[in-house]
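*Asks:* Just query_33.txt, nothing more (compact mmCIF, C-alpha atoms and all ligand atoms):
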# COMPACT_ATOMS: atom_id res chain seq x y z
CA MET S 1 138.19 77.18 118.63
CA ARG S 2 134.82 76.07 117.42
CA ALA S 3 132.14 74.35 119.37
CA SER S 4 128.84 72.76 118.38
CA LEU S 5 125.86 70.89 119.78
CA GLY S 6 124.54 68.50 117.15
CA GLU S 7 124.21 70.63 114.02
CA LYS S 8 124.00 73.84 116.06
CA HIS S 9 126.94 76.25 116.10
CA ILE S 10 127.59 77.21 119.73
CA SER S 11 130.71 79.34 119.76
CA GLY S 12 133.94 80.14 117.94
CA ALA S 13 137.03 82.24 118.56
CA GLU S 14 140.23 83.07 116.70
CA ARG S 15 143.51 84.37 118.13
CA LEU S 16 147.07 85.07 116.98
CA LEU S 17 149.41 84.60 119.94
CA VAL S 18 152.96 83.95 121.03
CA PHE S 19 153.80 80.45 122.26
CA ALA S 20 153.79 81.44 125.96
CA GLN S 21 150.09 82.42 125.82
CA LEU S 22 148.81 79.20 124.25
CA GLU S 23 147.93 77.12 127.31
CA GLU S 24 146.15 79.89 129.18
CA THR S 25 144.20 80.99 126.10
CA ALA S 26 143.22 77.44 125.12
CA SER S 27 141.86 76.91 128.60
CA ALA S 28 139.86 80.18 128.43
CA MET S 29 138.40 79.07 125.09
CA LEU S 30 137.39 75.72 126.52
CA HIS S 31 135.68 77.53 129.37
CA ARG S 32 133.82 79.73 126.88
CA ALA S 33 132.64 76.73 124.84
CA LEU S 34 131.41 74.86 127.90
CA ARG S 35 129.54 77.77 129.46
CA HIS S 36 127.95 79.50 126.50
CA PRO S 37 124.42 80.98 126.64
CA ARG S 38 123.67 79.20 123.31
CA GLY S 39 124.04 75.83 125.04
CA VAL S 40 126.66 73.42 126.35
CA ALA S 41 128.91 72.29 123.50
CA GLU S 42 129.10 68.59 122.76
CA ARG S 43 131.99 68.79 120.27
CA ILE S 44 134.85 71.24 120.68
CA PHE S 45 137.68 71.65 118.19
CA LEU S 46 140.85 73.49 119.09
CA THR S 47 143.25 74.02 116.19
CA LEU S 48 146.73 75.39 116.84
CA GLN S 49 148.98 76.17 113.91
CA PRO S 50 152.40 77.80 113.67
CA VAL S 51 152.61 81.12 111.82
CA PRO S 52 156.06 82.45 110.86
CA ARG S 53 156.58 85.79 112.59
CA ALA S 54 157.94 87.33 109.38
CA GLN S 55 154.56 86.82 107.70
CA VAL S 56 152.60 88.78 110.31
CA LEU S 57 151.28 92.13 109.04
CA LYS S 58 150.75 95.08 111.39
CA ARG S 59 147.83 97.38 110.67
CA PRO S 60 145.81 100.03 112.56
CA LEU S 61 142.30 99.27 113.78
CA LEU S 62 139.40 100.97 112.03
CA SER S 63 138.01 104.16 113.59
CA LEU S 64 135.27 103.38 116.13
CA SER S 65 131.91 105.12 116.54
CA THR S 66 128.69 104.20 118.34
CA PHE S 67 125.10 104.88 117.28
CA ALA S 68 122.72 104.72 120.24
CA VAL S 69 119.24 103.51 119.27
CA GLU S 70 116.26 102.52 121.41
CA ASP S 71 115.40 99.15 119.91
CA TRP S 72 116.27 96.72 117.12
CA ARG S 73 113.81 98.29 114.65
CA GLN S 74 115.54 101.65 114.97
CA GLY S 75 118.88 99.85 114.89
CA ARG S 76 118.14 98.08 111.61
CA GLN S 77 116.94 101.35 110.11
CA CYS S 78 120.22 102.93 111.22
CA ALA S 79 122.24 100.00 109.76
CA ALA S 80 120.39 100.35 106.45
CA GLU S 81 121.18 104.07 106.30
CA LEU S 82 124.86 103.47 107.08
CA LEU S 83 125.12 100.78 104.40
CA GLU S 84 123.40 103.05 101.87
CA GLN S 85 125.86 105.85 102.76
CA ILE S 86 128.65 103.49 101.70
CA GLY S 87 126.88 103.13 98.33
CA LEU S 88 124.84 99.93 98.68
CA ARG S 89 121.42 99.86 96.97
CA SER S 90 118.45 100.03 99.32
CA SER S 91 116.87 96.86 97.85
CA LEU S 92 120.11 94.91 98.42
CA VAL S 93 120.37 96.18 102.00
CA GLN S 94 116.78 95.19 102.81
CA ARG S 95 117.34 91.69 101.39
CA ALA S 96 120.55 91.32 103.36
CA ILE S 97 118.89 92.33 106.63
CA SER S 98 116.04 89.86 105.98
CA LEU S 99 118.56 87.12 105.19
CA LEU S 100 120.38 87.62 108.50
CA ALA S 101 117.13 87.94 110.45
CA ALA S 102 115.76 84.69 109.00
CA GLY S 103 118.78 82.63 110.10
CA PRO S 104 121.24 82.28 107.23
CA SER S 105 122.31 78.63 107.56
CA PRO S 106 120.38 76.00 105.56
CA CYS S 107 118.72 74.76 108.78
CA GLY S 108 117.58 78.32 109.60
CA GLY S 109 120.04 79.03 112.43
CA ALA S 110 123.36 80.82 112.78
CA MET S 111 126.28 79.90 110.54
CA ARG S 112 129.81 79.16 111.80
CA GLY S 113 131.26 81.92 109.63
CA ALA S 114 130.21 84.81 107.41
CA MET S 115 128.07 85.02 104.28
CA LEU S 116 129.55 86.57 101.15
CA VAL S 117 127.00 88.56 99.15
CA ASP S 118 127.65 90.07 95.70
CA VAL S 119 126.90 93.82 95.92
CA VAL S 120 125.44 93.93 92.42
CA SER S 121 123.54 90.66 91.96
CA GLY S 122 122.73 90.12 95.65
CA GLN S 123 123.68 86.44 95.23
CA ARG S 124 125.28 84.50 98.08
CA LEU S 125 128.76 83.41 97.08
CA GLU S 126 130.15 81.32 99.94
CA PHE S 127 130.90 77.73 98.93
CA ASP S 128 129.32 76.13 102.02
CA GLN S 129 126.24 77.88 103.45
CA SER S 130 126.41 76.38 106.92
CA ARG S 131 130.12 77.04 107.39
CA GLY S 132 130.47 80.34 105.56
CA VAL S 133 133.90 81.96 105.73
CA ARG S 134 135.71 82.14 109.08
CA VAL S 135 138.21 84.95 109.32
CA SER S 136 141.22 83.84 111.32
CA ARG S 137 144.80 84.65 112.39
CA LEU S 138 144.09 88.08 113.86
CA ASP S 139 144.61 89.79 117.18
CA ILE S 140 145.58 92.95 119.00
CA ASP S 141 149.31 93.73 118.76
CA PRO S 142 150.59 93.17 122.34
CA ALA S 143 152.63 96.38 122.01
CA ALA S 144 149.38 98.34 121.52
CA GLN S 145 147.27 96.50 124.12
CA SER S 146 147.43 99.14 126.85
CA ALA S 147 146.85 102.09 124.48
CA ILE S 148 143.77 100.32 123.08
CA GLU S 149 142.48 99.51 126.56
CA LEU S 150 142.83 103.17 127.53
CA LEU S 151 140.91 104.27 124.45
CA LEU S 152 138.11 101.81 125.16
CA ARG S 153 137.96 102.61 128.85
CA ALA S 154 137.47 106.29 128.02
CA LYS S 155 134.39 105.23 126.02
CA HIS S 156 133.21 102.72 128.68
CA LEU S 157 133.66 99.96 126.10
CA ASN S 158 136.55 97.95 127.51
CA ASN S 159 135.13 94.46 127.13
CA PRO S 160 136.32 91.46 125.11
CA ARG S 161 133.23 91.41 122.85
CA VAL S 162 133.96 94.89 121.53
CA VAL S 163 137.64 94.11 121.06
CA GLU S 164 136.95 90.84 119.20
CA ALA S 165 134.42 92.41 116.85
CA TRP S 166 136.61 95.49 116.27
CA VAL S 167 139.63 93.38 115.35
CA LEU S 168 137.55 91.13 113.08
CA ALA S 169 135.92 94.08 111.31
CA SER S 170 139.34 95.72 110.89
CA LYS S 171 140.81 92.64 109.21
CA VAL S 172 137.86 92.29 106.82
CA ALA S 173 138.10 95.97 105.88
CA LEU S 174 141.72 95.49 104.74
CA TYR S 175 140.53 93.78 101.57
CA PRO S 176 139.29 96.20 98.89
CA GLN S 177 137.16 93.41 97.38
CA ILE S 178 134.85 93.81 100.40
CA VAL S 179 132.82 97.02 100.33
CA ALA S 180 131.13 96.69 103.73
CA GLU S 181 130.13 94.33 106.52
CA LEU S 182 126.92 93.94 108.54
CA CYS S 183 126.93 91.95 111.80
CA TRP S 184 124.86 91.12 114.78
CA SER S 185 125.67 88.47 117.34
CA ASP S 186 124.12 85.02 117.69
CA ASP S 187 124.50 85.29 121.46
CA PRO S 188 120.99 85.74 122.97
CA ASP S 189 122.27 88.30 125.51
CA TYR S 190 124.30 90.50 123.17
CA LEU S 191 122.15 92.91 121.17
CA THR S 192 124.80 95.28 119.80
CA GLY S 193 125.85 94.89 116.18
CA TYR S 194 127.68 96.96 113.60
CA VAL S 195 128.26 98.13 110.08
CA ALA S 196 131.93 98.29 109.09
CA SER S 197 133.85 99.50 106.07
CA ALA S 198 137.28 100.86 105.18
CA GLN S 199 135.42 104.04 104.20
CA ASN S 200 133.53 104.81 107.44
CA GLY S 201 135.13 102.55 110.05
CA TYR S 202 133.59 100.29 112.68
CA GLN S 203 130.13 101.73 113.40
CA ARG S 204 128.55 100.06 116.42
CA ILE S 205 124.77 100.13 116.74
CA THR S 206 123.51 99.52 120.27
CA HIS S 207 120.52 97.31 119.31
CA LEU S 208 120.27 95.22 116.19
CA LYS S 209 118.16 92.33 117.43
CA GLU S 210 115.60 91.30 120.02
CA SER S 211 116.77 90.08 123.41
CA GLY S 212 116.80 86.27 123.59
CA SER S 213 117.22 85.71 119.85
CA GLU S 214 119.91 83.20 118.88
CA ILE S 215 119.91 84.27 115.25
CA GLY S 216 122.85 86.38 114.20
CA GLY S 217 125.65 86.41 111.70
CA ARG S 218 127.89 88.39 109.41
CA ILE S 219 127.53 89.47 105.79
CA TYR S 220 130.52 90.59 103.75
CA PHE S 221 129.40 92.59 100.71
CA VAL S 222 131.75 91.64 97.89
CA ARG S 223 132.48 93.49 94.62
CA PRO S 224 131.47 91.65 91.44
CA ALA S 225 134.08 89.55 89.62
CA THR S 226 136.12 89.06 92.80
CA ASP S 227 138.53 86.13 92.82
CA LEU S 228 136.78 84.32 95.69
CA VAL S 229 139.42 81.67 96.25
CA GLU S 230 142.10 84.33 96.74
CA LEU S 231 139.87 86.49 98.97
CA ILE S 232 138.80 83.57 101.19
CA ASP S 233 142.38 82.43 101.45
CA ARG S 234 143.51 85.83 102.72
CA LEU S 235 140.56 86.18 105.12
CA GLN S 236 141.32 82.79 106.62
CA LEU S 237 145.08 82.67 106.50
CA GLU S 238 146.74 86.10 106.31
CA PRO S 239 148.06 86.82 109.84
CA VAL S 240 147.45 90.39 111.04
CA LEU S 241 148.09 92.14 114.37
CA PHE S 242 146.24 95.39 114.99
CA GLY S 243 147.45 98.55 116.70
CA ALA S 244 145.49 101.63 117.84
CA PRO S 245 143.51 103.44 115.15
CA ILE S 246 145.31 106.24 113.35
CA PRO S 247 144.56 109.38 115.45
CA GLU S 248 143.28 111.57 112.60
CA TYR S 249 140.61 108.97 111.85
CA TYR S 250 139.64 108.34 115.44
P1 LIG W 301 129.52 86.52 117.39
O1 LIG W 301 129.77 87.96 117.07
O2 LIG W 301 130.71 85.81 117.93
O3 LIG W 301 128.27 86.33 118.20
O4 LIG W 301 129.24 85.84 115.99
C1 LIG W 301 128.08 86.11 115.24
C2 LIG W 301 128.16 85.36 113.93
O5 LIG W 301 129.22 85.91 113.15
C3 LIG W 301 128.44 83.86 114.04
O6 LIG W 301 127.25 83.15 114.14
C4 LIG W 301 129.12 83.58 112.73
O7 LIG W 301 128.14 83.41 111.73
C5 LIG W 301 129.86 84.88 112.42
N1 LIG W 301 131.28 84.85 112.84
C6 LIG W 301 131.76 84.74 114.11
N2 LIG W 301 133.12 84.73 114.11
C7 LIG W 301 133.51 84.83 112.82
C8 LIG W 301 134.77 84.86 112.15
N3 LIG W 301 135.92 84.75 112.82
N4 LIG W 301 134.76 84.99 110.81
C9 LIG W 301 133.60 85.09 110.14
N5 LIG W 301 132.39 85.05 110.69
C10 LIG W 301 132.32 84.92 112.02
Represent the structure contained in this file as structure tokens.
Ligand code: AMP
*Replies:*
Amino acid sequence: MRASLGEKHISGAERLLVFAQLEETASAMLHRALRHPRGVAERIFLTLQPVPRAQVLKRPLLSLSTFAVEDWRQGRQCAAELLEQIGLRSSLVQRAISLLAAGPSPCGGAMRGAMLVDVVSGQRLEFDQSRGVRVSRLDIDPAAQSAIELLLRAKHLNNPRVVEAWVLASKVALYPQIVAELCWSDDPDYLTGYVASAQNGYQRITHLKESGSEIGGRIYFVRPATDLVELIDRLQLEPVLFGAPIPEYY
């Protein structure tokens, strides 16, 4: 689903479901688009496409950790340190944070999808800077749903926002062309963001922006000389269901 108000991106959501869940989920998405804190959507697109079951990959979620910080300044400092631990240059990290904070779409607001940034040159690589790249065809494996809920409940984190971001970060981290991800929400009420990587997992940071700000987004840090068409194709189209994280990494 994606919803907009004029040029403004309001909300989006991606699921990978069995036929029997389609009507209920489509209705929940419509509800979300019509009652979003970013505004009431004026145009809502729902796209439903068949995916052959045999093509669906099954993978474990990334490990999950939380870094509690007092405010967004501390949070951004924490994000910078985590990205540098993965091997990103400090100057690149600072530029990336400024890019997200300034509103990465050409009109200065949130994009519909993610930015791709070359880890060496720092250049933006996505073909359309208001759309970005939307990762799709991903979900929790229904067989793992209750185990994942238990895990999250034990951490007092059992809410759909955490699950959505965790699944999204886990799909992005499957592709070795992407070194790391930085995200904070465009929802004015949701201040938590994260750094994610195959190396260190999904690292939530409790504050990455000021309350009330509608500027947020995602940056995927891409290795140089990546075949972008192939990468974008897999991010958008490769269907993946996620199970609980592998215990030794959790
Ligand atoms: P959210 O975490 O839903 O508040 O989204 C924050 C930002 O992340 C959005 O403004 C988009 O720029 C980006 N984003 C959201 N969903 C996706 C997705 N499925 N794939 C790539 N980027 C996304």
*Asks:* Check which residues of segment 165-213 of chain S sit at most 12 Å from segment 93-103 of chain S using only C-alpha atoms, and return one row each with the closest pair of atoms and their distance in Å to one decimal, ordered by chain and rising number, as a Markdown table.
*Replies:*
| residue | atom | partner | partner_atom | distance |
| --- | --- | --- | --- | --- |
| S:Ala180 | CA | S:Val93 | CA | 10.9 |
| S:Glu181 | CA | S:Ala96 | CA | 10.5 |
| S:Leu182 | CA | S:Ile97 | CA | 8.4 |
| S:Cys183 | CA | S:Leu100 | CA | 8.5 |
| S:Trp184 | CA | S:Leu100 | CA | 8.5 |
| S:Ser185 | CA | S:Leu100 | CA | 10.3 |
| S:Asp186 | CA | S:Gly103 | CA | 9.6 |
| S:Gly193 | CA | S:Leu100 | CA | 11.9 |
| S:Val195 | CA | S:Val93 | CA | 11.5 |
| S:Leu208 | CA | S:Ala101 | CA | 9.8 |
| S:Lys209 | CA | S:Ala101 | CA | 8.3 |
| S:Glu210 | CA | S:Ala101 | CA | 10.3 |
| S:Ser213 | CA | S:Ala101 | CA | 9.7 |
*Asks:* Quick one: residues within 9 Å of ligand LIG 301 (chain W), with all atoms listed in the file, as an NGL selection string?
*Replies:* :S and (9-14 or 104-105 or 109-115 or 130-138 or 161 or 164-165 or 168 or 172 or 183-188 or 190 or 193 or 214-220 or 235-236)
*Asks:* Considering all atoms listed in the file, state which residue in the set S:Gln199, S:Gln177, S:Ser63, S:Ser90 is at the smallest distance from Leu151 of chain S.
*Replies:*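 Of S:Gln199, S:Gln177, S:Ser63, S:Ser90, the one nearest Leu151 of chain S, counting all atoms listed in the file, is S:Ser63.
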*Asks:* Just the number, please: distance in Å from atom CA of Ile205 of chain S to atom CA of Lys155 of chain S, one decimal.
*Replies:*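 Those two atoms sit 14.3 Å apart.
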*Asks:* Name the closest residue to Ser197 of chain S among the candidates S:Ile140, S:Val69, S:Ala28, S:Ile86; distances are taken between atoms, counting all atoms listed in the file.
*Replies:*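 For Ser197 of chain S, the nearest of the given residues is S:Ile86.
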*Asks:* What does the structure give for the distance between atom CA of Phe127 of chain S and atom CA of Leu83 of chain S, in Å to one decimal?
*Replies:* 24.4 Å
*Asks:* Just the number, please: distance in Å from atom CA of Leu241 of chain S to atom CA of Asp141 of chain S, one decimal.
*Replies:*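 That distance, rounded to one decimal, is 4.8 Å.
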*Asks:* Counting all atoms listed in the file, which residues of segment 50-130 of chain S fall within 12 Å of segment 16-23 of chain S, and what is the closest atom pair for each with its distance in Å at one decimal, ordered by chain and rising number, as JSON lines?
*Replies:*
{"residue": "S:Pro50", "atom": "CA", "partner": "S:Phe19", "partner_atom": "CA", "distance": 9.1}
{"residue": "S:Val51", "atom": "CA", "partner": "S:Leu16", "partner_atom": "CA", "distance": 8.5}
{"residue": "S:Pro52", "atom": "CA", "partner": "S:Val18", "partner_atom": "CA", "distance": 10.7}
{"residue": "S:Arg53", "atom": "CA", "partner": "S:Val18", "partner_atom": "CA", "distance": 9.4}
{"residue": "S:Val56", "atom": "CA", "partner": "S:Leu16", "partner_atom": "CA", "distance": 9.4}
{"residue": "S:Leu57", "atom": "CA", "partner": "S:Leu16", "partner_atom": "CA", "distance": 11.4}
*Asks:* Under the rule that all atoms listed in the file are counted, which of S:Gln77, S:Val222, S:Thr206, S:Asn158 is the nearest residue to Ala173 of chain S?
*Replies:* S:Val222
*Asks:* Compile the contact shell of Gly6 of chain S as a list of chain:residue names: residues with an atom at most 10 Å away, counting all atoms listed in the file, same-chain residues fewer than 4 positions apart removed.
*Replies:* S:Ile10, S:Ala41, S:Glu42, S:Arg43
*Asks:* Which one of S:Cys107, S:Leu62, S:Ala54, S:Cys78 sits closest to Glu7 of chain S if you count all atoms listed in the file?
*Replies:* S:Cys107
*Asks:* For Ala143 of chain S, which of S:Leu61, S:Ala244, S:Ala196, S:Val40 is the closest residue, counting only C-alpha atoms?
*Replies:*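 Among the listed residues, the smallest separation from Ala143 of chain S belongs to S:Ala244.
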*Asks:* Using only C-alpha atoms, which residue out of S:Arg38, S:Arg204, S:Lys8, S:His31 lies closest to Leu64 of chain S?
*Replies:*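 The answer is S:Arg204, which sits nearest to Leu64 of chain S.
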*Asks:* Which residues come within 12 Å of Ala225 of chain S, counting all atoms listed in the file, excluding same-chain residues fewer than 4 positions away, as a PyMOL selection string?
*Replies:* chain S and resi 117-121+125+177-178+229-231
*Asks:* Applying 9 Å and all atoms listed in the file, which residues near Leu30 of chain S remain after dropping the ones on its own chain fewer than 5 positions away? List them as number ranges by chain.
*Replies:* S: 1, 3, 25, 35, 44, 46
*Asks:* Any chance you could build segment 33-50 of chain S out to N, CA, C and O atoms and write it as a compact mmCIF listing (two decimals), in the frame of the given file?
*Replies:*
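Listing of result-v9.txt after writing:
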# COMPACT_ATOMS: atom_id res chain seq x y z
N ALA S 33 133.45 77.70 125.58
CA ALA S 33 132.64 76.73 124.84
C ALA S 33 131.72 75.95 125.76
O ALA S 33 130.61 75.57 125.39
N LEU S 34 132.18 75.70 126.98
CA LEU S 34 131.41 74.86 127.90
C LEU S 34 130.37 75.64 128.70
O LEU S 34 129.51 75.06 129.33
N ARG S 35 130.49 76.97 128.68
CA ARG S 35 129.54 77.77 129.46
C ARG S 35 128.92 78.86 128.60
O ARG S 35 128.85 80.01 128.99
N HIS S 36 128.47 78.49 127.42
CA HIS S 36 127.95 79.50 126.50
C HIS S 36 126.43 79.61 126.62
O HIS S 36 125.76 78.58 126.79
N PRO S 37 125.89 80.85 126.54
CA PRO S 37 124.42 80.98 126.64
C PRO S 37 123.67 80.29 125.49
O PRO S 37 122.46 80.04 125.61
N ARG S 38 124.36 79.92 124.40
CA ARG S 38 123.67 79.20 123.31
C ARG S 38 123.53 77.71 123.61
O ARG S 38 122.92 76.98 122.85
N GLY S 39 124.14 77.25 124.69
CA GLY S 39 124.04 75.83 125.04
C GLY S 39 125.40 75.26 125.39
O GLY S 39 126.43 75.90 125.17
N VAL S 40 125.39 74.06 125.97
CA VAL S 40 126.66 73.42 126.35
C VAL S 40 127.17 72.62 125.15
O VAL S 40 126.48 71.73 124.65
N ALA S 41 128.37 72.94 124.69
CA ALA S 41 128.91 72.29 123.50
C ALA S 41 129.12 70.81 123.75
O ALA S 41 129.46 70.37 124.86
N GLU S 42 128.93 70.04 122.67
CA GLU S 42 129.10 68.59 122.76
C GLU S 42 130.38 68.22 122.02
O GLU S 42 131.06 67.26 122.38
N ARG S 43 130.73 69.01 120.99
CA ARG S 43 131.99 68.79 120.27
C ARG S 43 132.75 70.10 120.22
O ARG S 43 132.22 71.14 119.84
N ILE S 44 134.02 70.04 120.65
CA ILE S 44 134.85 71.24 120.68
C ILE S 44 136.15 70.96 119.92
O ILE S 44 136.82 69.97 120.19
N PHE S 45 136.45 71.81 118.96
CA PHE S 45 137.68 71.65 118.19
C PHE S 45 138.61 72.81 118.50
O PHE S 45 138.22 73.97 118.38
N LEU S 46 139.82 72.45 118.89
CA LEU S 46 140.85 73.49 119.09
C LEU S 46 141.92 73.23 118.04
O LEU S 46 142.49 72.14 117.98
N THR S 47 142.20 74.19 117.20
CA THR S 47 143.25 74.02 116.19
C THR S 47 144.36 75.02 116.47
O THR S 47 144.09 76.22 116.55
N LEU S 48 145.57 74.51 116.63
CA LEU S 48 146.73 75.39 116.84
C LEU S 48 147.70 75.18 115.71
O LEU S 48 148.06 74.04 115.40
N GLN S 49 148.07 76.28 115.04
CA GLN S 49 148.98 76.17 113.91
C GLN S 49 150.09 77.20 114.03
O GLN S 49 149.83 78.32 114.45
N PRO S 50 151.31 76.82 113.62
CA PRO S 50 152.40 77.80 113.67
C PRO S 50 152.27 78.82 112.53
O PRO S 50 151.86 78.47 111.43
